[in-house]
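Structure first, then comments.
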Amino acid sequence: MTPVIEIDGLRKEYARRRLMGPGQARRRGGPRRVVAIDGLDLSVPEGGVFGFLGPNGSGKTTTIRCLLGLVRPTSGEVRLFGEDVRVALPHAIRRVGSIVETPMFFPTMSARENLRLLGAIDRIPAPRVDAMLERVGLGERADDDVRRFSLGMRQRLGLAAALLKDPALVILDEPANGLDPAGMREVRDVLRTLGDEGRTVLVSSHLLAEVEQTCDRVAILKRGRCVATGTVDEVLGRADGELVVRVADLVAGAAALGRAGIAVQRCDDHLLARVGSEDSARVTEVLAAERLWVSELRVAEHSLEERFLELTAADELPEVLEVVA
Amino acid sequence: MNLLVIEMRRALQRRLVRVLILLALVMIVIAGVVEFLASRGLDLAALAAKGGQDPAVMTDWWMADGKGDGALPAAALFLVLGGLLGGASVVGAEWRAGTVTTALTWEPRRVRLHAARIGSSGILAIAIALGLQALFLAAFVPSVLAHGTAAGVDAEWIGSLVAAMARIGLITGLAAMLGGALATLGRNTVAAIIVAWGWLAIGESLVRGGLPEYAKWLVGDTTTVVLTWSANEGDASSHSPVGAVAMLLAYTAVLVGVSGYTFWRRDVAAAT
């Protein structure tokens with residue numbers, strides 16, 4: 001099956017001045033250009049919700065802008081539905097609904113007018129505009145000027161605009177920004193519903209707990225490169241096999257396991273043995289032989305946040321963790 | 001065509017465009033009332049003897065004398081400035097509001113979008129200018145009927161008036177397109193207006209004073225030729241009216257083309 005999104009060796013450089021704020025001057029002798037994306041490879045399969053994660057400045061939004069033709073890649077290829085966006089975007093965009101950063105609308109027009117004008121480009125009938133406004137909970141505020149909307153309401157309106165085309169691919173950049181907990185839950189439900197309907201949803205987010213609950217697959221970016229990609233379980237290391245082992249003497253326990261050929265890492269109050277759960281008996285056997293009594297033994301489970309911080313905190317770029325089956 | 005209509009609908013939703021139209025309508029009403037009051041007891045013979053003009057005399061609305069005299073040319077200046085401001089605002093507001101990104105996620109063919117946006121500004125400006133001119137002149141009809149005269153109005157004069165209105169409409173449309181093109185280049189309404197004013201008010205004055213032989217190439221002088229439909233008085237090298245129209249069209253085409261190229265070429269990134 002052809003992936004919905006394919007990115008090969010994508011690189012994007014910006015002039016440094018573009019990335020600087022007002023009043024900031026380029027350091028004398030500093031680089032003139034900044035690399036926002038540095039040889040990114042990514043494949044998003046059809047169907048389901050794909051989380052696109054990374055710290056600020058890791059290149060998520062630039063990647064999305066490249067996908068939508070808003071910025072021109074310095075090099076590399078981007079394909080939507082198997083077609084190069086440089087050629088096929090005008091055709092492919094009809095099947096793509098998107099929000100890029102904060103959704104922007106004309107502030108002095110109503111939500112309904114804004115959506116009707118957008119929808120008119122694809123000859124989308126007015127009743128569908130009303131239906132989408134209802135779907136995102138803006139039915140009663142549809143005739144209010146957008147300038148009176150909170151950030152959360154603008155996000156909802158952006159979501160309505162993205163869904164207006166009945167898209168096969170939905171690209172959402174931080175869709176939960178500015179939403180209250182109830183709004184975040186609604187967005188999560190909408191994303192999950194879209195994924196379950198067979199659409200492909202690419203969602204970038206900082207809300208890792210939300211992503212963990214919503215996404216089927218994730219990719220983690222760091223400094224413009226993908227450092228991990230796969231199903232959520234795979235990226236979390238659940239499939240790798242790690243056991244949390246708690247013994248009274250961590251030093252002796254680590255030494256015993258090491259001598260038995262079991263890779264082990266000493267943490268604050270426990271050991272992390274890199275073996276599958278099927279080898280748990282061997283772990284207890286080795287430790288018992290050394291008269292080290294196991295007080296806790298369980299499969300290690302990382303949260304996405306822990307994994308994210310682990311992958312993105314180090315100064316060095318880790319080798320790409322390819323855990324795609 | 002669909003995109004052109006959408007862009008026109010969008011432009012008409014712009015508050016500034018509506019305010020400009022409303023302002024023009026108010027000024028037209030005021031001009032009509034003032035003229036009606038001022039023309040009471042008008043001595044047409046004395047006026048003619050002095051060589052004066054008054055909109056209560058219908059033929060004074062537009063005097064095809066090669067000088068661009070009459071009530072209509074006075075309104076033309078406001079229309080052209082309004083066109084420039086409106087065109088710059090319609091395009092510049094897209095950048096200010098950040099809606100260019102939204103629009104491009106629906107219509108990624110930038111040249112097409114740019115052409116529709118600039119074209120719609122021009123067409124709307126022409127239509128609005130024609131409508132406002134008609135209303136402006138209509139506001140003087142009570143003065144003509146009550147205190148003035150329609151003597152001298154014939155088919156030739158009407159033809160000349162309609163042609164002048166069409167030329168003013170054209171110039172207003174081109175001004176709107178230039179405003180839109182400048183706003184595209186600067187990605188900002190204010191930048192476009194400053195550049196336009198800077199050139200027309202200061203740049204052209206300097207050229208006209210320092211290098212008078214180049215004056216015929218200036219936008220202001222060329223516009224005067226188009227408006228009056230006669231070569232500039234005292235300037236033997238002045239362009240012909242048709243040549244001046246071609247020049248204005250060429251200037252507009254170049255600026256719209258350059259702005260379209262930059263819109264096509266440049267990234268639409270967050271930092272913008």
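For the structure tokens, the naming scheme is as follows: chains receive sequential letters (A, B, ...) according to their order of presentation, residues are indexed from 1 within each chain, and ligands are indexed from 1 in presentation order.
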
Spatial neighbours of Phe52 (chain A), max dist 7 Å, only C-alpha atoms, sep filter under 4 positions, as a list in words: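 Contacts, with the query itself left out: Leu202, Val203, Ser204, Ser205, Val218, Ala219 and Ile220 of chain A.
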
Set the distance at 9 Å and use only C-alpha atoms: which residues neighbour region 9-26 of chain B once local chain neighbours fewer than 3 positions away are removed? I'd like the list as a PDB file with all heavy atoms, in the first residue's frame.
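Done, and the output landed in part.pdb:
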ATOM      1  N   PHE A 106     -10.455  35.825   8.558  1.00  0.00           N
ATOM      2  CA  PHE A 106     -10.691  37.262   8.567  1.00  0.00           C
ATOM      3  C   PHE A 106     -11.421  37.643   9.850  1.00  0.00           C
ATOM      4  O   PHE A 106     -12.528  37.162  10.094  1.00  0.00           O
ATOM      5  CB  PHE A 106     -11.496  37.688   7.350  1.00  0.00           C
ATOM      6  CG  PHE A 106     -10.659  37.816   6.140  1.00  0.00           C
ATOM      7  CD1 PHE A 106     -10.693  36.863   5.150  1.00  0.00           C
ATOM      8  CD2 PHE A 106      -9.785  38.880   6.002  1.00  0.00           C
ATOM      9  CE1 PHE A 106      -9.887  36.964   4.042  1.00  0.00           C
ATOM     10  CE2 PHE A 106      -8.977  38.987   4.901  1.00  0.00           C
ATOM     11  CZ  PHE A 106      -9.027  38.038   3.922  1.00  0.00           C
ATOM     12  N   THR A 108     -12.946  40.273  10.861  1.00  0.00           N
ATOM     13  CA  THR A 108     -14.182  41.059  10.817  1.00  0.00           C
ATOM     14  C   THR A 108     -15.311  40.340  10.079  1.00  0.00           C
ATOM     15  O   THR A 108     -16.361  40.910   9.847  1.00  0.00           O
ATOM     16  CB  THR A 108     -13.936  42.426  10.159  1.00  0.00           C
ATOM     17  OG1 THR A 108     -13.316  42.206   8.900  1.00  0.00           O
ATOM     18  CG2 THR A 108     -13.046  43.297  11.019  1.00  0.00           C
ATOM     19  N   MET A 109     -15.062  39.092   9.712  1.00  0.00           N
ATOM     20  CA  MET A 109     -16.136  38.297   9.100  1.00  0.00           C
ATOM     21  C   MET A 109     -16.590  37.242  10.100  1.00  0.00           C
ATOM     22  O   MET A 109     -15.831  36.836  10.980  1.00  0.00           O
ATOM     23  CB  MET A 109     -15.618  37.576   7.854  1.00  0.00           C
ATOM     24  CG  MET A 109     -15.399  38.449   6.663  1.00  0.00           C
ATOM     25  SD  MET A 109     -14.983  37.377   5.279  1.00  0.00           S
ATOM     26  CE  MET A 109     -14.002  38.493   4.326  1.00  0.00           C
ATOM     27  N   ASN A 114     -16.528  33.167   6.715  1.00  0.00           N
ATOM     28  CA  ASN A 114     -15.169  32.697   6.454  1.00  0.00           C
ATOM     29  C   ASN A 114     -15.173  31.310   5.815  1.00  0.00           C
ATOM     30  O   ASN A 114     -14.495  31.078   4.813  1.00  0.00           O
ATOM     31  CB  ASN A 114     -14.367  32.666   7.766  1.00  0.00           C
ATOM     32  CG  ASN A 114     -13.590  33.942   8.006  1.00  0.00           C
ATOM     33  OD1 ASN A 114     -12.632  34.236   7.289  1.00  0.00           O
ATOM     34  ND2 ASN A 114     -13.979  34.706   9.003  1.00  0.00           N
ATOM     35  N   LEU A 117     -16.634  31.261   2.213  1.00  0.00           N
ATOM     36  CA  LEU A 117     -15.706  31.757   1.194  1.00  0.00           C
ATOM     37  C   LEU A 117     -14.632  30.719   0.881  1.00  0.00           C
ATOM     38  O   LEU A 117     -14.262  30.532  -0.275  1.00  0.00           O
ATOM     39  CB  LEU A 117     -15.050  33.060   1.657  1.00  0.00           C
ATOM     40  CG  LEU A 117     -15.916  34.312   1.499  1.00  0.00           C
ATOM     41  CD1 LEU A 117     -15.231  35.520   2.116  1.00  0.00           C
ATOM     42  CD2 LEU A 117     -16.210  34.589   0.027  1.00  0.00           C
TER      43      LEU A 117
ATOM     44  N   LEU B   4     -12.072  34.270  -9.023  1.00  0.00           N
ATOM     45  CA  LEU B   4     -12.209  35.719  -9.197  1.00  0.00           C
ATOM     46  C   LEU B   4     -13.452  36.237  -8.440  1.00  0.00           C
ATOM     47  O   LEU B   4     -13.393  37.252  -7.741  1.00  0.00           O
ATOM     48  CB  LEU B   4     -12.330  36.035 -10.693  1.00  0.00           C
ATOM     49  CG  LEU B   4     -12.084  37.464 -11.124  1.00  0.00           C
ATOM     50  CD1 LEU B   4     -10.628  37.848 -10.921  1.00  0.00           C
ATOM     51  CD2 LEU B   4     -12.468  37.661 -12.582  1.00  0.00           C
ATOM     52  N   VAL B   5     -14.534  35.497  -8.575  1.00  0.00           N
ATOM     53  CA  VAL B   5     -15.779  35.888  -7.894  1.00  0.00           C
ATOM     54  C   VAL B   5     -15.603  35.801  -6.375  1.00  0.00           C
ATOM     55  O   VAL B   5     -16.029  36.688  -5.626  1.00  0.00           O
ATOM     56  CB  VAL B   5     -16.949  34.988  -8.359  1.00  0.00           C
ATOM     57  CG1 VAL B   5     -18.213  35.264  -7.540  1.00  0.00           C
ATOM     58  CG2 VAL B   5     -17.217  35.198  -9.834  1.00  0.00           C
ATOM     59  N   ILE B   6     -14.927  34.734  -5.936  1.00  0.00           N
ATOM     60  CA  ILE B   6     -14.693  34.576  -4.489  1.00  0.00           C
ATOM     61  C   ILE B   6     -13.858  35.738  -3.955  1.00  0.00           C
ATOM     62  O   ILE B   6     -14.152  36.296  -2.898  1.00  0.00           O
ATOM     63  CB  ILE B   6     -13.973  33.233  -4.217  1.00  0.00           C
ATOM     64  CG1 ILE B   6     -14.914  32.071  -4.501  1.00  0.00           C
ATOM     65  CG2 ILE B   6     -13.474  33.160  -2.772  1.00  0.00           C
ATOM     66  CD1 ILE B   6     -14.218  30.737  -4.594  1.00  0.00           C
ATOM     67  N   VAL B  29     -23.444  63.128  -1.195  1.00  0.00           N
ATOM     68  CA  VAL B  29     -24.678  63.765  -0.696  1.00  0.00           C
ATOM     69  C   VAL B  29     -24.375  65.196  -0.266  1.00  0.00           C
ATOM     70  O   VAL B  29     -25.118  66.146  -0.604  1.00  0.00           O
ATOM     71  CB  VAL B  29     -25.269  62.946   0.470  1.00  0.00           C
ATOM     72  CG1 VAL B  29     -26.408  63.716   1.143  1.00  0.00           C
ATOM     73  CG2 VAL B  29     -25.769  61.600  -0.032  1.00  0.00           C
ATOM     74  N   ILE B  30     -23.273  65.359   0.472  1.00  0.00           N
ATOM     75  CA  ILE B  30     -22.904  66.702   0.940  1.00  0.00           C
ATOM     76  C   ILE B  30     -22.659  67.628  -0.259  1.00  0.00           C
ATOM     77  O   ILE B  30     -23.136  68.779  -0.293  1.00  0.00           O
ATOM     78  CB  ILE B  30     -21.659  66.631   1.852  1.00  0.00           C
ATOM     79  CG1 ILE B  30     -22.025  65.941   3.175  1.00  0.00           C
ATOM     80  CG2 ILE B  30     -21.095  68.026   2.120  1.00  0.00           C
ATOM     81  CD1 ILE B  30     -20.837  65.644   4.068  1.00  0.00           C
ATOM     82  N   ALA B  31     -21.924  67.118  -1.250  1.00  0.00           N
ATOM     83  CA  ALA B  31     -21.629  67.935  -2.437  1.00  0.00           C
ATOM     84  C   ALA B  31     -22.913  68.352  -3.137  1.00  0.00           C
ATOM     85  O   ALA B  31     -23.061  69.517  -3.569  1.00  0.00           O
ATOM     86  CB  ALA B  31     -20.723  67.149  -3.397  1.00  0.00           C
ATOM     87  N   PHE B  78      -9.936  61.708  -5.816  1.00  0.00           N
ATOM     88  CA  PHE B  78     -10.359  60.921  -4.650  1.00  0.00           C
ATOM     89  C   PHE B  78     -10.580  59.454  -5.033  1.00  0.00           C
ATOM     90  O   PHE B  78     -10.245  58.545  -4.276  1.00  0.00           O
ATOM     91  CB  PHE B  78     -11.648  61.508  -4.061  1.00  0.00           C
ATOM     92  CG  PHE B  78     -11.446  62.863  -3.450  1.00  0.00           C
ATOM     93  CD1 PHE B  78     -11.800  64.011  -4.144  1.00  0.00           C
ATOM     94  CD2 PHE B  78     -10.880  62.997  -2.194  1.00  0.00           C
ATOM     95  CE1 PHE B  78     -11.605  65.263  -3.589  1.00  0.00           C
ATOM     96  CE2 PHE B  78     -10.678  64.246  -1.630  1.00  0.00           C
ATOM     97  CZ  PHE B  78     -11.039  65.393  -2.330  1.00  0.00           C
ATOM     98  N   LEU B  79     -11.144  59.260  -6.212  1.00  0.00           N
ATOM     99  CA  LEU B  79     -11.406  57.884  -6.643  1.00  0.00           C
ATOM    100  C   LEU B  79     -10.108  57.108  -6.823  1.00  0.00           C
ATOM    101  O   LEU B  79      -9.991  55.958  -6.398  1.00  0.00           O
ATOM    102  CB  LEU B  79     -12.208  57.881  -7.953  1.00  0.00           C
ATOM    103  CG  LEU B  79     -13.678  58.277  -7.819  1.00  0.00           C
ATOM    104  CD1 LEU B  79     -14.319  58.422  -9.196  1.00  0.00           C
ATOM    105  CD2 LEU B  79     -14.440  57.222  -7.013  1.00  0.00           C
ATOM    106  N   GLY B  82      -8.596  56.425  -3.506  1.00  0.00           N
ATOM    107  CA  GLY B  82      -9.396  55.379  -2.869  1.00  0.00           C
ATOM    108  C   GLY B  82      -9.096  54.014  -3.472  1.00  0.00           C
ATOM    109  O   GLY B  82      -9.009  53.011  -2.757  1.00  0.00           O
ATOM    110  N   LEU B  85      -5.724  52.816  -2.160  1.00  0.00           N
ATOM    111  CA  LEU B  85      -5.845  52.417  -0.757  1.00  0.00           C
ATOM    112  C   LEU B  85      -6.628  51.112  -0.630  1.00  0.00           C
ATOM    113  O   LEU B  85      -6.226  50.186   0.095  1.00  0.00           O
ATOM    114  CB  LEU B  85      -6.532  53.539   0.028  1.00  0.00           C
ATOM    115  CG  LEU B  85      -6.694  53.350   1.529  1.00  0.00           C
ATOM    116  CD1 LEU B  85      -5.344  53.197   2.203  1.00  0.00           C
ATOM    117  CD2 LEU B  85      -7.435  54.528   2.137  1.00  0.00           C
ATOM    118  N   GLY B  86      -7.727  51.045  -1.354  1.00  0.00           N
ATOM    119  CA  GLY B  86      -8.568  49.835  -1.292  1.00  0.00           C
ATOM    120  C   GLY B  86      -7.830  48.615  -1.794  1.00  0.00           C
ATOM    121  O   GLY B  86      -7.856  47.555  -1.162  1.00  0.00           O
ATOM    122  N   GLY B  87      -7.134  48.754  -2.929  1.00  0.00           N
ATOM    123  CA  GLY B  87      -6.386  47.619  -3.491  1.00  0.00           C
ATOM    124  C   GLY B  87      -5.301  47.155  -2.541  1.00  0.00           C
ATOM    125  O   GLY B  87      -5.123  45.955  -2.321  1.00  0.00           O
ATOM    126  N   SER B  89      -5.236  47.582   0.643  1.00  0.00           N
ATOM    127  CA  SER B  89      -5.841  47.029   1.862  1.00  0.00           C
ATOM    128  C   SER B  89      -6.365  45.613   1.644  1.00  0.00           C
ATOM    129  O   SER B  89      -6.171  44.733   2.486  1.00  0.00           O
ATOM    130  CB  SER B  89      -6.983  47.944   2.312  1.00  0.00           C
ATOM    131  OG  SER B  89      -7.756  47.303   3.275  1.00  0.00           O
ATOM    132  N   VAL B  90      -7.015  45.408   0.508  1.00  0.00           N
ATOM    133  CA  VAL B  90      -7.596  44.086   0.248  1.00  0.00           C
ATOM    134  C   VAL B  90      -6.500  43.018   0.254  1.00  0.00           C
ATOM    135  O   VAL B  90      -6.658  41.935   0.829  1.00  0.00           O
ATOM    136  CB  VAL B  90      -8.342  44.087  -1.109  1.00  0.00           C
ATOM    137  CG1 VAL B  90      -8.602  42.680  -1.593  1.00  0.00           C
ATOM    138  CG2 VAL B  90      -9.652  44.848  -0.970  1.00  0.00           C
ATOM    139  N   VAL B  91      -5.364  43.333  -0.363  1.00  0.00           N
ATOM    140  CA  VAL B  91      -4.270  42.353  -0.418  1.00  0.00           C
ATOM    141  C   VAL B  91      -3.457  42.370   0.885  1.00  0.00           C
ATOM    142  O   VAL B  91      -3.135  41.318   1.435  1.00  0.00           O
ATOM    143  CB  VAL B  91      -3.361  42.636  -1.628  1.00  0.00           C
ATOM    144  CG1 VAL B  91      -2.183  41.674  -1.645  1.00  0.00           C
ATOM    145  CG2 VAL B  91      -4.162  42.509  -2.910  1.00  0.00           C
ATOM    146  N   ALA B  93      -4.311  43.146   3.850  1.00  0.00           N
ATOM    147  CA  ALA B  93      -5.024  42.584   5.004  1.00  0.00           C
ATOM    148  C   ALA B  93      -4.850  41.074   5.072  1.00  0.00           C
ATOM    149  O   ALA B  93      -4.843  40.484   6.151  1.00  0.00           O
ATOM    150  CB  ALA B  93      -6.511  42.931   4.912  1.00  0.00           C
ATOM    151  N   ARG B 117      -6.702  37.672  -7.178  1.00  0.00           N
ATOM    152  CA  ARG B 117      -6.782  38.702  -6.130  1.00  0.00           C
ATOM    153  C   ARG B 117      -6.572  40.093  -6.726  1.00  0.00           C
ATOM    154  O   ARG B 117      -7.348  41.019  -6.454  1.00  0.00           O
ATOM    155  CB  ARG B 117      -5.710  38.381  -5.090  1.00  0.00           C
ATOM    156  CG  ARG B 117      -5.846  39.112  -3.832  1.00  0.00           C
ATOM    157  CD  ARG B 117      -5.131  38.388  -2.729  1.00  0.00           C
ATOM    158  NE  ARG B 117      -5.894  37.216  -2.304  1.00  0.00           N
ATOM    159  CZ  ARG B 117      -5.433  36.279  -1.485  1.00  0.00           C
ATOM    160  NH1 ARG B 117      -4.211  36.361  -1.037  1.00  0.00           N
ATOM    161  NH2 ARG B 117      -6.205  35.273  -1.139  1.00  0.00           N
ATOM    162  N   SER B 120      -9.437  40.884  -9.263  1.00  0.00           N
ATOM    163  CA  SER B 120     -10.706  41.228  -8.611  1.00  0.00           C
ATOM    164  C   SER B 120     -10.654  42.641  -8.030  1.00  0.00           C
ATOM    165  O   SER B 120     -11.649  43.375  -8.081  1.00  0.00           O
ATOM    166  CB  SER B 120     -11.041  40.218  -7.512  1.00  0.00           C
ATOM    167  OG  SER B 120     -10.101  40.297  -6.466  1.00  0.00           O
ATOM    168  N   SER B 121      -9.481  43.026  -7.503  1.00  0.00           N
ATOM    169  CA  SER B 121      -9.333  44.397  -6.977  1.00  0.00           C
ATOM    170  C   SER B 121      -9.579  45.411  -8.098  1.00  0.00           C
ATOM    171  O   SER B 121     -10.290  46.406  -7.913  1.00  0.00           O
ATOM    172  CB  SER B 121      -7.926  44.615  -6.409  1.00  0.00           C
ATOM    173  OG  SER B 121      -7.690  43.773  -5.339  1.00  0.00           O
ATOM    174  N   LEU B 124     -13.325  45.331  -9.358  1.00  0.00           N
ATOM    175  CA  LEU B 124     -14.209  45.960  -8.369  1.00  0.00           C
ATOM    176  C   LEU B 124     -14.015  47.467  -8.343  1.00  0.00           C
ATOM    177  O   LEU B 124     -14.980  48.236  -8.265  1.00  0.00           O
ATOM    178  CB  LEU B 124     -13.895  45.414  -6.977  1.00  0.00           C
ATOM    179  CG  LEU B 124     -14.733  44.255  -6.473  1.00  0.00           C
ATOM    180  CD1 LEU B 124     -14.334  43.917  -5.043  1.00  0.00           C
ATOM    181  CD2 LEU B 124     -16.214  44.595  -6.524  1.00  0.00           C
ATOM    182  N   ILE B 128     -16.881  50.128  -8.948  1.00  0.00           N
ATOM    183  CA  ILE B 128     -17.235  51.082  -7.875  1.00  0.00           C
ATOM    184  C   ILE B 128     -17.020  52.516  -8.360  1.00  0.00           C
ATOM    185  O   ILE B 128     -17.844  53.408  -8.105  1.00  0.00           O
ATOM    186  CB  ILE B 128     -16.408  50.786  -6.601  1.00  0.00           C
ATOM    187  CG1 ILE B 128     -16.838  49.449  -5.990  1.00  0.00           C
ATOM    188  CG2 ILE B 128     -16.564  51.903  -5.566  1.00  0.00           C
ATOM    189  CD1 ILE B 128     -15.923  48.935  -4.900  1.00  0.00           C
ATOM    190  N   LEU B 132     -19.880  55.311  -8.467  1.00  0.00           N
ATOM    191  CA  LEU B 132     -19.758  56.529  -7.658  1.00  0.00           C
ATOM    192  C   LEU B 132     -19.766  57.786  -8.540  1.00  0.00           C
ATOM    193  O   LEU B 132     -20.330  58.812  -8.162  1.00  0.00           O
ATOM    194  CB  LEU B 132     -18.481  56.476  -6.810  1.00  0.00           C
ATOM    195  CG  LEU B 132     -18.512  55.483  -5.635  1.00  0.00           C
ATOM    196  CD1 LEU B 132     -17.159  55.436  -4.922  1.00  0.00           C
ATOM    197  CD2 LEU B 132     -19.620  55.837  -4.642  1.00  0.00           C
ATOM    198  N   LEU B 135     -23.337  58.475  -9.433  1.00  0.00           N
ATOM    199  CA  LEU B 135     -24.050  59.058  -8.291  1.00  0.00           C
ATOM    200  C   LEU B 135     -23.600  60.495  -8.036  1.00  0.00           C
ATOM    201  O   LEU B 135     -24.419  61.361  -7.700  1.00  0.00           O
ATOM    202  CB  LEU B 135     -23.808  58.199  -7.036  1.00  0.00           C
ATOM    203  CG  LEU B 135     -24.489  56.833  -7.025  1.00  0.00           C
ATOM    204  CD1 LEU B 135     -24.047  56.031  -5.805  1.00  0.00           C
ATOM    205  CD2 LEU B 135     -26.012  56.994  -7.016  1.00  0.00           C
ATOM    206  N   PHE B 136     -22.300  60.717  -8.206  1.00  0.00           N
ATOM    207  CA  PHE B 136     -21.746  62.055  -7.983  1.00  0.00           C
ATOM    208  C   PHE B 136     -22.407  63.066  -8.931  1.00  0.00           C
ATOM    209  O   PHE B 136     -22.856  64.137  -8.519  1.00  0.00           O
ATOM    210  CB  PHE B 136     -20.239  62.004  -8.205  1.00  0.00           C
ATOM    211  CG  PHE B 136     -19.533  63.321  -8.056  1.00  0.00           C
ATOM    212  CD1 PHE B 136     -19.479  63.982  -6.839  1.00  0.00           C
ATOM    213  CD2 PHE B 136     -18.902  63.909  -9.153  1.00  0.00           C
ATOM    214  CE1 PHE B 136     -18.815  65.197  -6.702  1.00  0.00           C
ATOM    215  CE2 PHE B 136     -18.237  65.117  -9.037  1.00  0.00           C
ATOM    216  CZ  PHE B 136     -18.201  65.761  -7.811  1.00  0.00           C
TER     217      PHE B 136
END

Neighbours of chain A in chain B at 12 Å, counting only C-alpha atoms, as a PyMOL selection string: chain B and resi 1-16+18+90+93-113+116+263-272

Atom-to-atom span, CA of Ala74 (chain B) and CA of Val254 (chain B), Å: 28.5 Å

Excluding Val258 (chain B) and any residue of its chain fewer than 5 positions from it, enumerate the residues within 10 Å of it, using only C-alpha atoms, and give them as a compact mmCIF listing (two decimals) with N, CA, C and O atoms, in the first residue's frame.
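For reference, result-v4.txt as written:
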# COMPACT_ATOMS: atom_id res chain seq x y z
N ALA B 181 -0.50 45.08 -5.87
CA ALA B 181 0.83 44.54 -6.22
C ALA B 181 1.88 45.00 -5.21
O ALA B 181 2.72 44.21 -4.77
N LEU B 182 1.82 46.27 -4.83
CA LEU B 182 2.78 46.78 -3.85
C LEU B 182 2.58 46.09 -2.50
O LEU B 182 3.55 45.78 -1.80
N THR B 184 1.51 43.13 -2.07
CA THR B 184 2.05 41.76 -2.20
C THR B 184 3.57 41.78 -2.02
O THR B 184 4.13 40.91 -1.36
N LEU B 185 4.20 42.77 -2.62
CA LEU B 185 5.66 42.86 -2.51
C LEU B 185 6.09 43.09 -1.06
O LEU B 185 7.01 42.47 -0.57
N THR B 252 1.53 48.81 -14.84
CA THR B 252 0.73 47.93 -13.97
C THR B 252 1.11 46.47 -14.21
O THR B 252 1.31 45.71 -13.25
N ALA B 253 1.23 46.12 -15.49
CA ALA B 253 1.56 44.72 -15.81
C ALA B 253 2.91 44.33 -15.22
O ALA B 253 3.07 43.23 -14.67
N PHE B 263 5.59 36.44 -5.03
CA PHE B 263 4.59 35.65 -4.29
C PHE B 263 4.76 34.16 -4.60
O PHE B 263 4.66 33.30 -3.72
N TRP B 264 5.05 33.87 -5.86
CA TRP B 264 5.25 32.47 -6.28
C TRP B 264 6.55 31.92 -5.69
O TRP B 264 6.61 30.75 -5.29

Thr74 (chain A) environment, 7 Å, only C-alpha atoms, sequence neighbours closer than 4 positions dropped, as a list in words: Arg11, Lys12 and Glu13 of chain A

Store the residues picked out above, limited to C-alpha atoms, as a PDB file, in the first residue's frame.
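Once written, result-v2.pdb looks like this:
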ATOM      1  CA  ARG A  11      16.159  19.579   3.891  1.00  0.00           C
ATOM      2  CA  LYS A  12      15.097  23.148   4.453  1.00  0.00           C
ATOM      3  CA  GLU A  13      17.390  26.057   5.096  1.00  0.00           C
TER       4      GLU A  13
END

All alpha helix (DSSP H) residues (DSSP, backbone) inside region 143-201 of chain A, as a PyMOL selection string: chain A and resi 151-163+181-196

Backbone DSSP call of strand (DSSP E or B) for region 35-260 of chain B, listed as a list in words: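 Those residues are Val57, Met63, Asp69 and Thr149 of chain B.
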
Contact residues around Val187 (chain A) with only C-alpha atoms at 10 Å, ignoring same-chain residues under 2 positions, as a ChimeraX atom specification: /A:136,155-156,159,175-176,179,181-185,189-193,210,214
